[in-house]
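Note: the block below is work_29.pdb and it holds PDB, C-alpha atoms.
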```
ATOM      1  CA  MET A 963      13.407 -14.255  27.278
ATOM      2  CA  ARG A 964      16.248 -15.441  25.065
ATOM      3  CA  LEU A 965      18.124 -13.512  22.385
ATOM      4  CA  MET A 966      18.165 -15.936  19.451
ATOM      5  CA  SER A 967      18.646 -16.102  15.715
ATOM      6  CA  LEU A 968      15.429 -16.017  13.722
ATOM      7  CA  ARG A 969      15.832 -19.621  12.584
ATOM      8  CA  GLU A 970      16.481 -20.810  16.147
ATOM      9  CA  ALA A 971      13.518 -18.885  17.544
ATOM     10  CA  LEU A 972      10.999 -20.094  14.975
ATOM     11  CA  ALA A 973      12.298 -23.666  14.915
ATOM     12  CA  ALA A 974      11.936 -23.790  18.696
ATOM     13  CA  HIS A 975       8.501 -22.186  18.978
ATOM     14  CA  VAL A 976       6.508 -22.884  15.779
ATOM     15  CA  ALA A 977       5.464 -26.424  14.868
ATOM     16  CA  ASP A 978       3.451 -27.786  11.969
ATOM     17  CA  GLY A 979      -0.268 -27.346  12.619
ATOM     18  CA  ASP A 980       0.147 -24.407  15.018
ATOM     19  CA  CYS A 981      -2.109 -21.378  15.136
ATOM     20  CA  ILE A 982       0.148 -18.382  14.570
ATOM     21  CA  ALA A 983      -0.466 -14.637  14.340
ATOM     22  CA  LEU A 984       1.934 -12.343  12.493
ATOM     23  CA  GLU A 985       0.519  -8.967  13.436
ATOM     24  CA  GLY A 986       1.392  -5.433  12.416
ATOM     25  CA  PHE A 987      -0.839  -2.654  11.119
ATOM     26  CA  THR A 988       0.428  -0.843   7.963
ATOM     27  CA  HIS A 989       3.978  -1.033   9.344
ATOM     28  CA  LEU A 990       6.059  -3.383  11.493
ATOM     29  CA  ILE A 991       4.781  -6.348   9.470
ATOM     30  CA  PRO A 992       7.049  -9.330  10.264
ATOM     31  CA  PHE A 993       8.089 -10.238   6.717
ATOM     32  CA  ALA A 994      11.429 -11.702   7.768
ATOM     33  CA  ALA A 995       9.729 -14.115  10.151
ATOM     34  CA  GLY A 996       7.202 -15.195   7.540
ATOM     35  CA  HIS A 997      10.003 -15.920   5.072
ATOM     36  CA  GLU A 998      11.866 -17.960   7.664
ATOM     37  CA  LEU A 999       8.784 -20.077   8.289
ATOM     38  CA  ILE A1000       8.674 -20.735   4.541
ATOM     39  CA  ARG A1001      12.353 -21.769   4.591
ATOM     40  CA  LEU A1002      11.671 -24.068   7.531
ATOM     41  CA  GLY A1003       8.914 -25.730   5.514
ATOM     42  CA  ARG A1004       6.202 -25.316   8.128
ATOM     43  CA  ARG A1005       2.865 -26.794   7.048
ATOM     44  CA  ASN A1006      -0.825 -26.894   8.028
ATOM     45  CA  LEU A1007      -0.625 -23.598   9.891
ATOM     46  CA  HIS A1008      -3.710 -21.741  11.050
ATOM     47  CA  LEU A1009      -2.783 -18.177  10.119
ATOM     48  CA  VAL A1010      -4.377 -15.302  12.011
ATOM     49  CA  ARG A1011      -4.025 -11.641  11.108
ATOM     50  CA  MET A1012      -6.319  -8.666  11.180
ATOM     51  CA  THR A1013      -5.151  -7.499   7.730
ATOM     52  CA  PRO A1014      -3.341 -10.246   5.814
ATOM     53  CA  ASP A1015      -1.364  -8.783   2.945
ATOM     54  CA  LEU A1016       1.739  -9.821   0.987
ATOM     55  CA  ILE A1017       3.471 -11.987   3.587
ATOM     56  CA  TYR A1018       0.387 -14.160   4.025
ATOM     57  CA  ASP A1019      -0.060 -14.262   0.249
ATOM     58  CA  GLN A1020       3.463 -15.670   0.066
ATOM     59  CA  MET A1021       2.975 -18.160   2.892
ATOM     60  CA  ILE A1022      -0.338 -19.385   1.472
ATOM     61  CA  GLY A1023       1.151 -19.701  -2.006
ATOM     62  CA  MET A1024       4.049 -21.755  -0.616
ATOM     63  CA  GLY A1025       1.682 -24.240   0.991
ATOM     64  CA  CYS A1026       2.187 -23.249   4.627
ATOM     65  CA  ALA A1027      -1.474 -22.650   5.517
ATOM     66  CA  ARG A1028      -4.610 -24.717   5.957
ATOM     67  CA  ARG A1029      -6.792 -22.001   7.519
ATOM     68  CA  LEU A1030      -6.975 -18.199   7.676
ATOM     69  CA  THR A1031      -8.727 -16.127  10.349
ATOM     70  CA  PHE A1032      -8.867 -12.505   9.204
ATOM     71  CA  SER A1033     -10.930  -9.368   8.731
ATOM     72  CA  TRP A1034      -9.572  -7.943   5.466
ATOM     73  CA  GLY A1035      -7.181  -9.368   2.898
ATOM     74  CA  GLY A1036      -5.567  -7.617  -0.032
ATOM     75  CA  ASN A1037      -2.548  -5.880  -1.529
ATOM     76  CA  PRO A1038      -2.966  -2.425   0.071
ATOM     77  CA  GLY A1039      -3.628   0.221  -2.548
ATOM     78  CA  ILE A1040      -3.216  -2.276  -5.395
ATOM     79  CA  GLY A1041      -5.875  -4.999  -5.364
ATOM     80  CA  SER A1042      -6.280  -8.690  -4.675
ATOM     81  CA  LEU A1043      -3.949 -11.241  -3.115
ATOM     82  CA  HIS A1044      -3.706 -13.631  -6.036
ATOM     83  CA  ARG A1045      -2.189 -16.556  -4.140
ATOM     84  CA  LEU A1046      -4.917 -16.258  -1.505
ATOM     85  CA  ARG A1047      -7.565 -16.182  -4.210
ATOM     86  CA  ASP A1048      -6.056 -19.163  -6.007
ATOM     87  CA  ALA A1049      -6.093 -21.205  -2.792
ATOM     88  CA  VAL A1050      -9.728 -20.333  -2.068
ATOM     89  CA  GLU A1051     -11.062 -20.556  -5.634
ATOM     90  CA  HIS A1052      -8.989 -23.464  -6.987
ATOM     91  CA  GLY A1053      -7.412 -25.182  -3.967
ATOM     92  CA  TRP A1054      -3.854 -24.383  -5.158
ATOM     93  CA  PRO A1055      -1.421 -25.294  -3.775
ATOM     94  CA  GLN A1056      -3.948 -26.669  -1.272
ATOM     95  CA  PRO A1057      -7.449 -25.734  -0.058
ATOM     96  CA  LEU A1058      -7.699 -22.895   2.444
ATOM     97  CA  GLU A1059     -10.420 -22.645   5.098
ATOM     98  CA  LEU A1060     -11.653 -19.121   5.826
ATOM     99  CA  ASP A1061     -12.806 -17.674   9.145
ATOM    100  CA  GLU A1062     -13.834 -14.135   8.188
ATOM    101  CA  HIS A1063     -14.602 -11.280  10.577
ATOM    102  CA  SER A1064     -14.763  -7.512  10.687
ATOM    103  CA  HIS A1065     -11.960  -5.510  12.282
ATOM    104  CA  ALA A1066     -14.179  -5.023  15.330
ATOM    105  CA  GLY A1067     -14.813  -8.758  15.546
ATOM    106  CA  MET A1068     -11.090  -9.535  15.375
ATOM    107  CA  ALA A1069     -10.333  -6.896  17.992
ATOM    108  CA  ALA A1070     -12.972  -8.344  20.321
ATOM    109  CA  ALA A1071     -11.600 -11.854  19.789
ATOM    110  CA  TYR A1072      -8.015 -10.784  20.494
ATOM    111  CA  CYS A1073      -9.085  -8.843  23.603
ATOM    112  CA  ALA A1074     -10.970 -11.872  24.892
ATOM    113  CA  GLY A1075      -7.932 -14.032  24.240
ATOM    114  CA  ALA A1076      -5.654 -11.595  26.068
ATOM    115  CA  ALA A1077      -8.040 -11.589  29.046
ATOM    116  CA  ARG A1078      -8.261 -15.405  28.917
ATOM    117  CA  LEU A1079     -12.013 -15.224  28.408
ATOM    118  CA  PRO A1080     -13.789 -17.722  26.136
ATOM    119  CA  PHE A1081     -15.359 -15.183  23.776
ATOM    120  CA  GLY A1082     -15.639 -11.515  22.893
ATOM    121  CA  VAL A1083     -18.850  -9.502  22.695
ATOM    122  CA  LEU A1084     -19.825  -6.741  20.260
ATOM    123  CA  ARG A1085     -22.822  -5.111  18.632
ATOM    124  CA  GLY A1086     -21.226  -4.791  15.206
ATOM    125  CA  TYR A1087     -22.620  -7.982  13.683
ATOM    126  CA  LEU A1088     -26.265  -7.315  14.499
ATOM    127  CA  ASP A1089     -27.011  -5.367  11.316
ATOM    128  CA  ASN A1090     -25.489  -7.761   8.780
ATOM    129  CA  ASP A1091     -25.586 -11.422   7.800
ATOM    130  CA  LEU A1092     -21.909 -12.332   8.178
ATOM    131  CA  ASP A1093     -22.947 -15.014  10.648
ATOM    132  CA  LYS A1094     -24.605 -16.864   7.746
ATOM    133  CA  ALA A1095     -21.173 -17.204   6.118
ATOM    134  CA  ASN A1096     -19.276 -17.757   9.361
ATOM    135  CA  PRO A1097     -20.793 -20.198  11.858
ATOM    136  CA  ARG A1098     -18.241 -19.081  14.469
ATOM    137  CA  ILE A1099     -20.223 -15.880  14.993
ATOM    138  CA  GLY A1100     -22.885 -16.418  17.628
ATOM    139  CA  ARG A1101     -25.708 -14.571  19.360
ATOM    140  CA  ILE A1102     -26.067 -14.180  23.118
ATOM    141  CA  GLU A1103     -28.417 -12.375  25.481
ATOM    142  CA  CYS A1104     -27.086 -10.004  28.123
ATOM    143  CA  PRO A1105     -28.036 -11.480  31.543
ATOM    144  CA  PHE A1106     -28.561  -7.970  32.955
ATOM    145  CA  THR A1107     -30.471  -6.103  30.252
ATOM    146  CA  GLY A1108     -31.737  -8.818  27.922
ATOM    147  CA  GLU A1109     -30.015  -7.110  24.990
ATOM    148  CA  ARG A1110     -29.112  -9.346  22.066
ATOM    149  CA  LEU A1111     -25.401  -9.190  21.248
ATOM    150  CA  ALA A1112     -22.945 -10.858  18.899
ATOM    151  CA  ALA A1113     -20.209 -13.135  20.221
ATOM    152  CA  VAL A1114     -16.941 -14.338  18.672
ATOM    153  CA  PRO A1115     -14.644 -17.051  20.061
ATOM    154  CA  ALA A1116     -11.448 -15.820  21.671
ATOM    155  CA  ILE A1117      -8.278 -15.904  19.610
ATOM    156  CA  ASN A1118      -5.406 -17.550  21.467
ATOM    157  CA  PRO A1119      -2.563 -18.201  19.020
ATOM    158  CA  ASP A1120      -0.022 -20.840  19.881
ATOM    159  CA  VAL A1121       2.565 -18.278  18.834
ATOM    160  CA  THR A1122       2.370 -14.551  18.076
ATOM    161  CA  ILE A1123       5.181 -13.091  15.982
ATOM    162  CA  LEU A1124       5.786  -9.340  15.885
ATOM    163  CA  HIS A1125       8.303  -6.859  14.539
ATOM    164  CA  ALA A1126       9.227  -3.826  16.635
ATOM    165  CA  GLN A1127      11.651  -0.958  16.699
ATOM    166  CA  CYS A1128      13.771  -2.098  19.616
ATOM    167  CA  ALA A1129      14.224  -4.276  22.668
ATOM    168  CA  ASP A1130      16.524  -3.868  25.618
ATOM    169  CA  ARG A1131      18.904  -6.555  26.831
ATOM    170  CA  GLU A1132      16.362  -7.869  29.332
ATOM    171  CA  GLY A1133      13.841  -8.482  26.570
ATOM    172  CA  ASN A1134      11.455  -5.566  27.084
ATOM    173  CA  VAL A1135      10.112  -4.606  23.649
ATOM    174  CA  ALA A1136       9.118  -1.107  22.496
ATOM    175  CA  ILE A1137       6.556  -0.640  19.713
ATOM    176  CA  GLN A1138       6.090   2.897  18.371
ATOM    177  CA  GLY A1139       3.916   4.514  15.737
ATOM    178  CA  ILE A1140       0.651   3.087  14.444
ATOM    179  CA  VAL A1141      -0.394   0.068  16.462
ATOM    180  CA  GLY A1142      -3.114  -2.363  15.590
ATOM    181  CA  ALA A1143      -3.632  -5.565  17.564
ATOM    182  CA  GLN A1144       0.012  -6.275  18.413
ATOM    183  CA  ARG A1145      -0.346  -5.934  22.170
ATOM    184  CA  GLU A1146      -3.518  -8.000  22.410
ATOM    185  CA  ALA A1147      -2.153 -10.658  20.046
ATOM    186  CA  ALA A1148       0.966 -10.967  22.203
ATOM    187  CA  LEU A1149      -0.914 -11.219  25.488
ATOM    188  CA  ALA A1150      -3.322 -13.778  24.010
ATOM    189  CA  ALA A1151      -0.599 -16.118  22.786
ATOM    190  CA  GLY A1152       1.071 -19.160  24.252
ATOM    191  CA  ALA A1153       4.471 -17.867  23.119
ATOM    192  CA  VAL A1154       5.747 -14.591  21.683
ATOM    193  CA  VAL A1155       8.650 -14.098  19.259
ATOM    194  CA  VAL A1156       9.682 -10.544  18.360
ATOM    195  CA  THR A1157      12.096  -9.397  15.676
ATOM    196  CA  VAL A1158      13.544  -5.940  16.269
ATOM    197  CA  GLU A1159      15.488  -3.302  14.410
ATOM    198  CA  GLU A1160      17.937  -2.827  17.250
ATOM    199  CA  ILE A1161      18.948  -3.988  20.708
ATOM    200  CA  VAL A1162      19.513  -1.114  23.139
ATOM    201  CA  ASP A1163      20.787  -0.778  26.687
ATOM    202  CA  GLN A1164      17.704   1.132  27.806
ATOM    203  CA  LEU A1165      14.342   1.865  26.214
ATOM    204  CA  ALA A1166      13.705   5.550  25.664
ATOM    205  CA  PRO A1167      10.300   6.912  26.770
ATOM    206  CA  ALA A1168       7.959   7.518  23.826
ATOM    207  CA  MET A1169       4.505   9.008  23.483
ATOM    208  CA  ASN A1170       1.828   6.577  22.314
ATOM    209  CA  GLY A1171       4.301   3.727  22.562
ATOM    210  CA  ILE A1172       3.666   0.222  23.812
ATOM    211  CA  VAL A1173       6.135  -1.749  25.870
ATOM    212  CA  LEU A1174       5.806  -5.518  26.093
ATOM    213  CA  PRO A1175       7.542  -6.466  29.367
ATOM    214  CA  HIS A1176      10.175  -9.149  29.156
ATOM    215  CA  TRP A1177       8.077 -11.746  30.968
ATOM    216  CA  THR A1178       5.577 -11.733  28.082
ATOM    217  CA  VAL A1179       8.268 -12.341  25.435
ATOM    218  CA  ASP A1180       9.851 -15.749  24.784
ATOM    219  CA  ALA A1181      12.431 -14.825  22.156
ATOM    220  CA  VAL A1182      13.907 -11.615  20.742
ATOM    221  CA  VAL A1183      15.655 -11.604  17.376
ATOM    222  CA  HIS A1184      17.908  -8.798  16.136
ATOM    223  CA  CYS A1185      16.717  -8.453  12.532
ATOM    224  CA  PRO A1186      17.344  -5.044  10.919
ATOM    225  CA  GLY A1187      14.926  -4.403   8.082
ATOM    226  CA  GLY A1188      12.729  -7.242   9.285
ATOM    227  CA  ALA A1189       9.520  -5.471   8.255
ATOM    228  CA  TYR A1190      10.613  -4.704   4.679
ATOM    229  CA  PRO A1191       8.869  -4.057   2.274
ATOM    230  CA  SER A1192       6.456  -2.575   4.835
ATOM    231  CA  TYR A1193       7.891   0.220   6.935
ATOM    232  CA  ALA A1194       9.155   0.656  10.464
ATOM    233  CA  HIS A1195       8.254   4.019  11.940
ATOM    234  CA  GLY A1196      11.440   5.960  12.642
ATOM    235  CA  HIS A1197      13.672   3.556  10.687
ATOM    236  CA  TYR A1198      12.645   3.219   7.021
ATOM    237  CA  THR A1199       9.741   3.912   4.700
ATOM    238  CA  ARG A1200       7.378   1.608   2.862
ATOM    239  CA  ASP A1201       8.572   0.363  -0.531
ATOM    240  CA  ASN A1202       5.438   1.136  -2.511
ATOM    241  CA  ALA A1203       7.025  -0.076  -5.747
ATOM    242  CA  PHE A1204       7.451  -3.543  -4.252
ATOM    243  CA  TYR A1205       3.720  -3.773  -3.578
ATOM    244  CA  GLN A1206       3.020  -2.700  -7.155
ATOM    245  CA  ARG A1207       5.433  -5.287  -8.586
ATOM    246  CA  TRP A1208       3.956  -8.021  -6.426
ATOM    247  CA  ASP A1209       0.638  -7.863  -8.259
ATOM    248  CA  ALA A1210       2.219  -9.157 -11.475
ATOM    249  CA  ILE A1211       4.506 -11.623  -9.689
ATOM    250  CA  ALA A1212       1.666 -13.251  -7.776
ATOM    251  CA  ARG A1213      -0.805 -13.525 -10.662
ATOM    252  CA  ASP A1214       0.996 -16.443 -12.309
ATOM    253  CA  ARG A1215       1.861 -19.641 -10.413
ATOM    254  CA  ASP A1216       5.162 -20.261 -12.190
ATOM    255  CA  THR A1217       6.291 -16.647 -11.879
ATOM    256  CA  PHE A1218       5.417 -16.730  -8.197
ATOM    257  CA  ASN A1219       7.297 -19.991  -7.607
ATOM    258  CA  ASP A1220      10.371 -18.746  -9.462
ATOM    259  CA  TRP A1221      10.409 -15.502  -7.472
ATOM    260  CA  MET A1222      10.015 -17.256  -4.134
ATOM    261  CA  ARG A1223      12.736 -19.768  -5.012
ATOM    262  CA  GLU A1224      15.209 -17.062  -6.011
ATOM    263  CA  HIS A1225      14.584 -14.567  -3.219
ATOM    264  CA  VAL A1226      13.418 -16.689  -0.270
ATOM    265  CA  LEU A1227      14.200 -20.397  -0.583
ATOM    266  CA  GLU A1228      17.676 -19.899  -2.020
ATOM    267  CA  THR A1229      18.670 -17.209   0.491
ATOM    268  CA  ASP A1230      19.922 -18.044   3.974
ATOM    269  CA  ASP A1231      18.213 -15.304   5.949
ATOM    270  CA  HIS A1232      16.613 -11.875   5.737
ATOM    271  CA  ALA A1233      19.909 -10.163   4.976
ATOM    272  CA  GLY A1234      20.304 -12.546   2.048
ATOM    273  CA  PHE A1235      16.748 -11.792   0.916
ATOM    274  CA  LEU A1236      17.448  -8.065   0.900
ATOM    275  CA  ALA A1237      20.751  -8.595  -0.921
ATOM    276  CA  SER A1238      19.040 -10.717  -3.593
ATOM    277  CA  LEU A1239      16.539  -7.948  -4.270
ATOM    278  CA  GLN A1240      19.313  -5.379  -4.539
ATOM    279  CA  ALA A1241      21.257  -7.610  -6.934
ATOM    280  CA  LYS A1242      18.155  -8.048  -9.086
ATOM    281  CA  ALA A1243      17.636  -4.294  -9.247
ATOM    282  CA  ALA A1244      21.270  -3.554 -10.137
TER     283      ALA A1244
END
```

Here is a file; write its structure as structure tokens.
Amino acid sequence: MRLMSLREALAAHVADGDCIALEGFTHLIPFAAGHELIRLGRRNLHLVRMTPDLIYDQMIGMGCARRLTFSWGGNPGIGSLHRLRDAVEHGWPQPLELDEHSHAGMAAAYCAGAARLPFGVLRGYLDNDLDKANPRIGRIECPFTGERLAAVPAINPDVTILHAQCADREGNVAIQGIVGAQREAALAAGAVVVTVEEIVDQLAPAMNGIVLPHWTVDAVVHCPGGAYPSYAHGHYTRDNAFYQRWDAIARDRDTFNDWMREHVLETDDHAGFLASLQAKAA
């Protein structure tokens, strides 16, 4: 593990065309990392996320993505992701391929990837016709019982990027609060980059917490506020007003481009992004 700046970590580990997962479930969403990938101008990425929301809307709208593997996409509590819809419906700024699953299907695929198995198995797709829209959903027969089951290919991102509350100086990472697929996405990946709120001398024990041991982590980045506008349990709350404002910003291409230029492209890092928002609000 190396302690690096966010730009150094992503420049070293994420290349054009990579499959990358930026995971986080309701909180600990790695917004700072997504913005840095936009600044770096990464292109043709295969984005993977169980619940793509605003950060993927921004990355898709800025032309970073060629494909999206997901199980639900939207602006939580508000409505659609307008940049995602524009890419799918009108090919702007470029066409976007979709690989759509249920949450259970994504979980099975991540678990298979973490176990280094070729596919995951579940019953959840047997009572619907999602496989007609997604040819990457298959059917298999259990060799022991003859039961018909659904199968999904394993997800093995080239790079998984997470945000967490803290890491110690050896690179062990602690994730607390609601967890989604962060652990499985990390263990399934070729490389793991984690932004954290703080670096500590020793991780404190926590109930229902996950610790990623240092040998599973390639780079740790000290990035306070790195999940904003989502929240980080124990550190700051979700900025609900930001999610509401985003609906209007993202509806119009020019408004979206102007906003991204002012707050992401023309800022040096996440601290600059936060400062630009504060200046706008003043």

Running the PyMOL selection byres ((chain A and resi 1143) around 8) on this model by hand, what would come out? Give it as a short mmCIF file (atom, residue, chain, number, x, y, z; two decimals) with C-alpha atoms, in the frame of the given file.
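The file below, selection.cif, is the result:
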```
data_model
loop_
_atom_site.label_atom_id
_atom_site.label_comp_id
_atom_site.auth_asym_id
_atom_site.auth_seq_id
_atom_site.Cartn_x
_atom_site.Cartn_y
_atom_site.Cartn_z
CA GLU A 985 0.52 -8.97 13.44
CA GLY A 986 1.39 -5.43 12.42
CA PHE A 987 -0.84 -2.65 11.12
CA MET A 1012 -6.32 -8.67 11.18
CA ALA A 1069 -10.33 -6.90 17.99
CA TYR A 1072 -8.02 -10.78 20.49
CA VAL A 1141 -0.39 0.07 16.46
CA GLY A 1142 -3.11 -2.36 15.59
CA GLN A 1144 0.01 -6.28 18.41
CA ARG A 1145 -0.35 -5.93 22.17
CA GLU A 1146 -3.52 -8.00 22.41
CA ALA A 1147 -2.15 -10.66 20.05
#
```

Legend entry - Shell around Leu1016 (chain A) at 10 Å using all atoms listed in the file, local window under 6 positions removed, as an NGL selection string: :A and (991 or 993 or 1022 or 1035-1038 or 1042-1046 or 1191-1192 or 1204-1205 or 1208-1209 or 1212)

Legend entry - Glu1159 (chain A) environment, 10 Å, all atoms listed in the file, sequence neighbours closer than 6 positions dropped, as a PyMOL selection string: chain A and resi 990+1125-1129+1183-1189+1194+1197

Expected file: the selected residues, C-alpha atoms, as a CSV table (one decimal), in the frame of the given file:
```
chain,number,residue,atom,x,y,z
A,990,LEU,CA,6.1,-3.4,11.5
A,1125,HIS,CA,8.3,-6.9,14.5
A,1126,ALA,CA,9.2,-3.8,16.6
A,1127,GLN,CA,11.7,-1.0,16.7
A,1128,CYS,CA,13.8,-2.1,19.6
A,1129,ALA,CA,14.2,-4.3,22.7
A,1183,VAL,CA,15.7,-11.6,17.4
A,1184,HIS,CA,17.9,-8.8,16.1
A,1185,CYS,CA,16.7,-8.5,12.5
A,1186,PRO,CA,17.3,-5.0,10.9
A,1187,GLY,CA,14.9,-4.4,8.1
A,1188,GLY,CA,12.7,-7.2,9.3
A,1189,ALA,CA,9.5,-5.5,8.3
A,1194,ALA,CA,9.2,0.7,10.5
A,1197,HIS,CA,13.7,3.6,10.7
```

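Checking A:Ala1168, A:Ala1203, A:Ile1000, A:Leu1236 one by one against Tyr1190 (chain A), counting only C-alpha atoms, you find the shortest gap at A:Leu1236.
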
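Compared by their closest atoms to Ala1166 (chain A), and using only C-alpha atoms, the residues A:Arg1047, A:Asp1019, A:Gln1138, A:Asp1091 rank with A:Gln1138 nearest.
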
Inset, instruction - Can you work out which one of A:Leu1060, A:Val1156, A:Ala1076, A:Leu1030 has the shortest atom-to-atom distance to Ile1117 (chain A), counting all atoms listed in the file? - result: A:Ala1076

Would you mind exporting region 1095-1111 of chain A with N, CA and C atoms, as a CSV table (one decimal), in the first residue's frame?
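Just written: decode_16.csv:
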```csv
chain,number,residue,atom,x,y,z
A,1095,ALA,N,-33.7,-8.9,-22.2
A,1095,ALA,CA,-33.0,-7.6,-22.4
A,1095,ALA,C,-31.5,-7.6,-22.2
A,1096,ASN,N,-31.1,-8.6,-21.5
A,1096,ASN,CA,-29.6,-8.7,-21.1
A,1096,ASN,C,-29.1,-10.1,-21.5
A,1097,PRO,N,-28.4,-10.3,-22.6
A,1097,PRO,CA,-28.0,-11.6,-22.9
A,1097,PRO,C,-26.9,-12.2,-22.0
A,1098,ARG,N,-26.4,-11.3,-21.1
A,1098,ARG,CA,-25.4,-11.8,-20.2
A,1098,ARG,C,-26.0,-12.5,-18.9
A,1099,ILE,N,-27.3,-12.7,-19.0
A,1099,ILE,CA,-27.9,-13.5,-17.9
A,1099,ILE,C,-28.2,-14.9,-18.6
A,1100,GLY,N,-27.7,-15.9,-17.9
A,1100,GLY,CA,-27.8,-17.3,-18.5
A,1100,GLY,C,-28.7,-18.2,-17.6
A,1101,ARG,N,-28.8,-19.4,-18.1
A,1101,ARG,CA,-29.6,-20.4,-17.3
A,1101,ARG,C,-28.7,-21.7,-17.2
A,1102,ILE,N,-28.6,-22.3,-16.1
A,1102,ILE,CA,-27.8,-23.5,-15.9
A,1102,ILE,C,-28.7,-24.5,-15.1
A,1103,GLU,N,-28.2,-25.7,-15.1
A,1103,GLU,CA,-28.9,-26.8,-14.4
A,1103,GLU,C,-27.9,-27.3,-13.3
A,1104,CYS,N,-28.5,-27.3,-12.0
A,1104,CYS,CA,-27.7,-27.8,-10.9
A,1104,CYS,C,-27.3,-29.3,-11.2
A,1105,PRO,N,-26.0,-29.6,-11.1
A,1105,PRO,CA,-25.5,-31.0,-11.4
A,1105,PRO,C,-26.0,-32.0,-10.3
A,1106,PHE,N,-26.5,-31.5,-9.2
A,1106,PHE,CA,-26.8,-32.4,-8.1
A,1106,PHE,C,-28.3,-32.6,-7.9
A,1107,THR,N,-29.1,-31.5,-8.2
A,1107,THR,CA,-30.5,-31.7,-8.1
A,1107,THR,C,-31.3,-31.5,-9.4
A,1108,GLY,N,-30.7,-31.0,-10.4
A,1108,GLY,CA,-31.4,-30.8,-11.7
A,1108,GLY,C,-32.1,-29.5,-11.7
A,1109,GLU,N,-32.1,-28.7,-10.6
A,1109,GLU,CA,-32.8,-27.5,-10.5
A,1109,GLU,C,-32.3,-26.5,-11.6
A,1110,ARG,N,-33.2,-25.8,-12.2
A,1110,ARG,CA,-32.8,-24.7,-13.1
A,1110,ARG,C,-32.5,-23.4,-12.4
A,1111,LEU,N,-31.4,-22.8,-12.6
A,1111,LEU,CA,-31.0,-21.6,-11.9
A,1111,LEU,C,-30.5,-20.5,-12.9
```
